[in-house]
Each structure stands twice: as C-alpha cells, then as structure tokens.
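What follows is a set of notes on a single structure, which appears directly below.
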Amino acid sequence: MIKMNELTKVYKDFDLNISMEIAPGSVVGLIGKNGAGKSTTIKAILGLIRPTSGKIEVLGKDPMDFSAKDREEIGACLADSGFSRMFYVKDVIAVLKKMYKDFDEEFFRARCKEQGLPLDKAIGDFSTGMKAKLRVLTAISHKAKLLILDEPTSGLDVMARNDILDMLRAYMAEDEERSMLISSHISTDLEGLCDEIYMISNGRLVLHEDTDILLGKYGIIKLSEEEYAKLDKNYIVSAKKQPYGYDCLTNEKAFYMENYPTTAIENSNIDSIIILMLGGEHTDVKEESRS
Amino acid sequence: MRGLIEKDIRLLLQRKKAMALLAAMAVFLSVGMDDSFVTSYLSMVGMVLAVSTISYDEFDNGHPFMFTLPISRKGYAAEKLLFGSGCIILCWLCGVVIQCIVSTITGKGLDFASFLSGAFIYLAVFLIMLSVLVPVELYFGMEKARVAMVVIFGGCFAAGMLGPKLANALKLDITPVVENLKRLPKGGLIGGGVTLTLAIMALSCLIAIRVMEKKEF
C-alpha cells in the first residue's frame, strides 16, 4: 500500500529522513513527540508536499502524480484542516456525493445521527469532538482502500476518542484488504488498534516493531548504579539515568527475568517506551557495551 | 470538477443576504446611472465573488484537506477560472436583463446595439481581470494577494495615465493606429477581441496550473 525508501524532506529548520512500508490489511501507528515529523510524513504520503529526495509509492504511484480518481482510494483526515467552517453537514454531503463515486450517503447520514452531528448546524459551531468525528466520517464514507489519519483523536475526551476508535475498528473489520496509517501521541489509542508501530524522533525513524512484540517482549528494568554496571547490555535498547540508578528498555524481557531474577522488571507500554527512547538524557548503551 | 463547482456554489450561497443586497443595489443604481453601469457593476460583483472562493478555500488552513479529496491541482486551477467565468457571465447576463427592464419601465429608451457592444467590452475586460486575479491569488495566497493586486492594478492605472504623456514626450503619434483600428470591419474587431480574451484566459489557466503544481501544503 505504501512504500517509502529513504524519503527526505529538507526545511530550513527541520529535515525528515524516513523509510516505511505498509502492507495491505495492516494497521500501522506513527508515534513521536510534537514536531517529530509525523505530519510531514503524512503530508508526503498524501502528496501535499514534494520530497527533497528518495522514493515514495502509495497504491503503486508517486502521490505527486495522483489523479482525482487515485485519490478516491484514499480516505484522509488531517488534524488541523477540514471543510469550511461556514458549511453545514448537509453541504458536506452534497459535495462528497459529487466528489466520490462510492460515497455512501446512507452510511454517512446514519453515523451522523448516531454520533450526534446535526445536519443543519454550521461546522464552525461544532465542538472539537464533533469536528473530529466529522473528519473521520468523511474519510471512511467512500470505501477507501487506504486510510491516512493524522491525530484523529487529538484534544478529545475519552468518550469521543472511544467513539472514533470504534468507527475505525468497524471500518477496518468490513474488508481485510483495507490498510490504515494513524498518527497519534495518545499511545493507548494505538495500542488497541495497531498491528505495527513506527516511532520517529527529530525526523528519523527510531523504532519499528509489531505492537504485540512491543507490549509482550519489551520491558523496563529498574537498576541501581552497581547493578547497571554489571548488566549484560546486549538486549538493552535504551537506558535513562534516574536518581536511583537507571531505567533500561529491553527488547528481551524474558532473558533478564531468567538471568536476573531479583531485578525489578516491569511490563512496558508505548508511553514508557516513548519516554525511555525519546525523553530526557540517554546513556549510549552500545558504546558502554563496547568499552 | 463537479464536486469543486458544487463546493464553490455552496460557499457563495452562504452569503445569500449579501448577494441579495448587491442585486438590490444594482437595480436601484440602474435608474440613475448610465446604461452600462449595471452590467459592469454586476460583472465585477461576479468576479469578486468567484475570486473570494479561493480565499475561503485557504481560510482556516483548508487547502491541505481539500487536496486530499479527489481533485487534481490542475483541475483545481482550471475550475477556478471556469467557475469565475461562469459567475461573471451569469452576473453580466443579469445586468443586461436588469438594464433592459429598467430602461423599458422608466421609458428612457435604450440604443440596444450600442448598449450591447459596450456590455460585451465590459464582459471581456472582467474576464481578462479574472485571468489576472486567479493566478495572482493562487500564487500569493489570501493576504499577500491584496498587496500584489494593488501593485498590479496601480501599475496598470499608472501606465494608462503616463502612457499618452510618454508617447508625447517621445514624439510618438498613436492617432494613426487608433484610426486604423476604427476603420477595421466590426466582425474583425469582435473576432480579434474574442480571440485576445480567450488567449489571455488560456495563458492564465496555464500559469495557474503551474502555480498549483509547485505549491506545497
């Protein structure tokens, strides 16, 4: 569905360099801090920006060469961009009907009713949650093969987030060939939804792993300075200095549980992985291992 | 293209009251003004309304989302010119009809041939203005385009004012050129005017497409 090979985009104060692959039928999460390059990656995939170098193929084509027909295969939702605030939902329906050959008006109206989106109220008067739901509904209402969603749940309360995630799950369950790339900084949303996770920081890919492996095999080892000095660091992905010693992220939790039975090892979640990989000061584990 | 036109029509319909007020003003002003006023006024209104849809598209960072919809950059640029031309022609037709009705009701009489030839000149002028405004608005964006337009139209005005003086200073006599033009057959003049207008519109469309193809959102 998506192939990005050494794709770069250079700005004055930021540059992105990323490779990524999304197979048919997969749900992929893109995580990272604010300003990490998630939105730039998504814009490159949607053909909204021209890459500086590298190769990108979306549904077998360079997104900059997409025709109107090609775009019908993609459902997109951007965090800070949507239909005019002067439009009513009924205007949106009329426009989408003319834009998409496969627009499912009945589905769209039913979901609007279900989600409490009035047809005769200006979008500008919608709450943040209502606007987000409308953006997602727009993306999933025309039988798109590929969904590209940039922060669809950002700024929403837990109920609104849940409603949106439920809509996405239902959409993906309808056809197993459909794929989705979703960016978010709310990791719990991605844990329950994605098959794979790409983590980016400062425009670079720092981690790519199956969600099951991240949650099952990764763990956090809490160590004193002395314990850390003696630790076999072959399976340590990242270490962070703490007042009591070190927090280490491992991708082989079982190895340390077996070989260091008295050490405190916690299950990881995506938040803790982000904190350990991207937040605060890090110790160069590989360098330490060599010395 | 159909979706874009639907979107633009619906954007304009959000301002029904303003449009009704402008139309009422046109009828009111047509009574006291000269024959060509309503046609030119309404054509200008049509042009301004059409160009304003570009600003509405851009407003609130709307462009990135819009270009994820099934439209091409080329199609968007072409639609803006097509929609703008449609608006101008529709408003121009309304102007012609209003002027005819008002002249009949007030009984002030209308030299139809002279009125219509003047009206067609206005139509061409506003289509040419649209051809300038669309690429400028697309290239500079909502804010900077205002400054660019002041510079462009100010430049045209200055050229119009200073041109004859410059010709005098350089001792160029343009009277024979004007006289020769007047002697040309009417059919040739109309054909030339139509060809020139269409050529400018085609050039504008090519520039607008190029601008859109280079844009990033």
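Letters for chains follow the order of the structure tokens (A, B, ...), residue numbers begin at 1 for each chain, and ligand numbers begin at 1 in the order shown.
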
> Could you write out as number ranges by chain the residues of chain B within 12 Å of chain A, counting only C-alpha atoms?
Replying inline: B: 1-15, 53-76, 212-217

Please tabulate, as a Markdown table, the residues of region 12-102 of chain B that come within 9 Å of region 127-134 of chain B, each with its closest pair of atoms and the distance in Å to one decimal, counting only C-alpha atoms and ordering rows by chain, then residue number upward.
| residue | atom | partner | partner_atom | distance |
| --- | --- | --- | --- | --- |
| B:Ser43 | CA | B:Leu127 | CA | 9.0 |
| B:Met47 | CA | B:Leu130 | CA | 6.4 |
| B:Val48 | CA | B:Leu130 | CA | 8.6 |
| B:Ala50 | CA | B:Leu130 | CA | 8.8 |
| B:Val51 | CA | B:Val134 | CA | 6.6 |
| B:Ile54 | CA | B:Val134 | CA | 8.2 |
| B:Ala77 | CA | B:Val134 | CA | 8.2 |
| B:Lys80 | CA | B:Val134 | CA | 7.1 |
| B:Leu81 | CA | B:Val134 | CA | 6.9 |
| B:Gly84 | CA | B:Leu130 | CA | 7.0 |
| B:Ser85 | CA | B:Leu127 | CA | 6.4 |
| B:Ile88 | CA | B:Leu127 | CA | 7.3 |
| B:Ile89 | CA | B:Leu127 | CA | 8.7 |

Writer output for current selection, all heavy atoms, as a PDB file, in the first residue's frame:
ATOM      1  N   SER B  43     -20.998  42.479 -13.269  1.00  0.00           N
ATOM      2  CA  SER B  43     -19.891  41.625 -13.742  1.00  0.00           C
ATOM      3  C   SER B  43     -18.752  41.660 -12.732  1.00  0.00           C
ATOM      4  O   SER B  43     -18.137  40.633 -12.434  1.00  0.00           O
ATOM      5  CB  SER B  43     -19.370  42.101 -15.099  1.00  0.00           C
ATOM      6  OG  SER B  43     -20.408  42.111 -16.027  1.00  0.00           O
ATOM      7  N   MET B  47     -17.145  38.650 -10.490  1.00  0.00           N
ATOM      8  CA  MET B  47     -15.715  38.342 -10.470  1.00  0.00           C
ATOM      9  C   MET B  47     -15.184  38.296  -9.030  1.00  0.00           C
ATOM     10  O   MET B  47     -14.491  37.354  -8.643  1.00  0.00           O
ATOM     11  CB  MET B  47     -14.957  39.416 -11.260  1.00  0.00           C
ATOM     12  CG  MET B  47     -13.479  39.192 -11.321  1.00  0.00           C
ATOM     13  SD  MET B  47     -12.632  40.609 -12.013  1.00  0.00           S
ATOM     14  CE  MET B  47     -12.765  41.784 -10.674  1.00  0.00           C
ATOM     15  N   VAL B  48     -15.577  39.296  -8.244  1.00  0.00           N
ATOM     16  CA  VAL B  48     -15.091  39.360  -6.855  1.00  0.00           C
ATOM     17  C   VAL B  48     -15.589  38.146  -6.064  1.00  0.00           C
ATOM     18  O   VAL B  48     -14.832  37.516  -5.318  1.00  0.00           O
ATOM     19  CB  VAL B  48     -15.536  40.692  -6.190  1.00  0.00           C
ATOM     20  CG1 VAL B  48     -15.238  40.674  -4.700  1.00  0.00           C
ATOM     21  CG2 VAL B  48     -14.830  41.872  -6.848  1.00  0.00           C
ATOM     22  N   ALA B  50     -16.417  35.198  -7.198  1.00  0.00           N
ATOM     23  CA  ALA B  50     -15.735  33.972  -7.652  1.00  0.00           C
ATOM     24  C   ALA B  50     -14.321  33.901  -7.081  1.00  0.00           C
ATOM     25  O   ALA B  50     -13.893  32.848  -6.591  1.00  0.00           O
ATOM     26  CB  ALA B  50     -15.697  33.938  -9.182  1.00  0.00           C
ATOM     27  N   VAL B  51     -13.616  35.023  -7.130  1.00  0.00           N
ATOM     28  CA  VAL B  51     -12.234  35.015  -6.626  1.00  0.00           C
ATOM     29  C   VAL B  51     -12.223  34.796  -5.111  1.00  0.00           C
ATOM     30  O   VAL B  51     -11.302  34.167  -4.572  1.00  0.00           O
ATOM     31  CB  VAL B  51     -11.502  36.326  -7.031  1.00  0.00           C
ATOM     32  CG1 VAL B  51     -10.143  36.423  -6.355  1.00  0.00           C
ATOM     33  CG2 VAL B  51     -11.319  36.378  -8.540  1.00  0.00           C
ATOM     34  N   ILE B  54     -11.477  31.385  -3.540  1.00  0.00           N
ATOM     35  CA  ILE B  54     -10.081  30.933  -3.341  1.00  0.00           C
ATOM     36  C   ILE B  54      -9.675  31.257  -1.895  1.00  0.00           C
ATOM     37  O   ILE B  54      -9.056  30.439  -1.219  1.00  0.00           O
ATOM     38  CB  ILE B  54      -9.119  31.606  -4.341  1.00  0.00           C
ATOM     39  CG1 ILE B  54      -9.526  31.281  -5.781  1.00  0.00           C
ATOM     40  CG2 ILE B  54      -7.675  31.165  -4.088  1.00  0.00           C
ATOM     41  CD1 ILE B  54      -8.693  31.970  -6.854  1.00  0.00           C
ATOM     42  N   ALA B  77      -7.084  24.498 -10.515  1.00  0.00           N
ATOM     43  CA  ALA B  77      -6.761  25.769 -11.171  1.00  0.00           C
ATOM     44  C   ALA B  77      -7.761  26.040 -12.307  1.00  0.00           C
ATOM     45  O   ALA B  77      -8.288  27.155 -12.434  1.00  0.00           O
ATOM     46  CB  ALA B  77      -5.340  25.723 -11.711  1.00  0.00           C
ATOM     47  N   LYS B  80     -11.228  27.068 -11.039  1.00  0.00           N
ATOM     48  CA  LYS B  80     -11.352  28.441 -10.548  1.00  0.00           C
ATOM     49  C   LYS B  80     -11.624  29.409 -11.705  1.00  0.00           C
ATOM     50  O   LYS B  80     -12.435  30.321 -11.579  1.00  0.00           O
ATOM     51  CB  LYS B  80     -10.081  28.855  -9.792  1.00  0.00           C
ATOM     52  CG  LYS B  80      -9.984  28.245  -8.416  1.00  0.00           C
ATOM     53  CD  LYS B  80     -11.119  28.712  -7.513  1.00  0.00           C
ATOM     54  CE  LYS B  80     -11.216  27.858  -6.274  1.00  0.00           C
ATOM     55  NZ  LYS B  80     -12.512  27.989  -5.596  1.00  0.00           N
ATOM     56  N   LEU B  81     -10.941  29.177 -12.835  1.00  0.00           N
ATOM     57  CA  LEU B  81     -11.157  30.058 -13.987  1.00  0.00           C
ATOM     58  C   LEU B  81     -12.533  29.805 -14.612  1.00  0.00           C
ATOM     59  O   LEU B  81     -13.237  30.740 -14.992  1.00  0.00           O
ATOM     60  CB  LEU B  81     -10.061  29.829 -15.025  1.00  0.00           C
ATOM     61  CG  LEU B  81      -8.801  30.657 -14.761  1.00  0.00           C
ATOM     62  CD1 LEU B  81      -7.633  30.122 -15.534  1.00  0.00           C
ATOM     63  CD2 LEU B  81      -9.033  32.124 -15.131  1.00  0.00           C
ATOM     64  N   GLY B  84     -15.169  31.126 -12.210  1.00  0.00           N
ATOM     65  CA  GLY B  84     -15.129  32.596 -12.242  1.00  0.00           C
ATOM     66  C   GLY B  84     -15.771  33.121 -13.516  1.00  0.00           C
ATOM     67  O   GLY B  84     -16.574  34.062 -13.480  1.00  0.00           O
ATOM     68  N   SER B  85     -15.446  32.488 -14.640  1.00  0.00           N
ATOM     69  CA  SER B  85     -16.028  32.923 -15.915  1.00  0.00           C
ATOM     70  C   SER B  85     -17.541  32.745 -15.884  1.00  0.00           C
ATOM     71  O   SER B  85     -18.295  33.617 -16.339  1.00  0.00           O
ATOM     72  CB  SER B  85     -15.461  32.098 -17.076  1.00  0.00           C
ATOM     73  OG  SER B  85     -14.068  32.163 -17.065  1.00  0.00           O
ATOM     74  N   ILE B  88     -19.083  35.493 -13.782  1.00  0.00           N
ATOM     75  CA  ILE B  88     -19.074  36.790 -14.479  1.00  0.00           C
ATOM     76  C   ILE B  88     -20.151  36.803 -15.569  1.00  0.00           C
ATOM     77  O   ILE B  88     -20.933  37.749 -15.678  1.00  0.00           O
ATOM     78  CB  ILE B  88     -17.674  37.074 -15.089  1.00  0.00           C
ATOM     79  CG1 ILE B  88     -16.671  37.325 -13.957  1.00  0.00           C
ATOM     80  CG2 ILE B  88     -17.724  38.278 -16.028  1.00  0.00           C
ATOM     81  CD1 ILE B  88     -15.229  37.479 -14.422  1.00  0.00           C
ATOM     82  N   ILE B  89     -20.205  35.728 -16.345  1.00  0.00           N
ATOM     83  CA  ILE B  89     -21.173  35.683 -17.459  1.00  0.00           C
ATOM     84  C   ILE B  89     -22.609  35.724 -16.926  1.00  0.00           C
ATOM     85  O   ILE B  89     -23.463  36.451 -17.436  1.00  0.00           O
ATOM     86  CB  ILE B  89     -20.931  34.446 -18.353  1.00  0.00           C
ATOM     87  CG1 ILE B  89     -19.589  34.617 -19.084  1.00  0.00           C
ATOM     88  CG2 ILE B  89     -22.069  34.231 -19.341  1.00  0.00           C
ATOM     89  CD1 ILE B  89     -19.076  33.376 -19.790  1.00  0.00           C
TER      90      ILE B  89
END

>> Between A:Ile93, A:Ala264, A:Ile2, A:Glu105, which residue has the minimum interatomic distance to Asp62 (chain A), considering only C-alpha atoms?
In response: A:Ile2

> So how many Å separate CA of Gly216 (chain A) and CA of Asn267 (chain A), to one decimal?
Replying inline: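 One can read the CA of Gly216 (chain A) to CA of Asn267 (chain A) distance as 7.6 Å.
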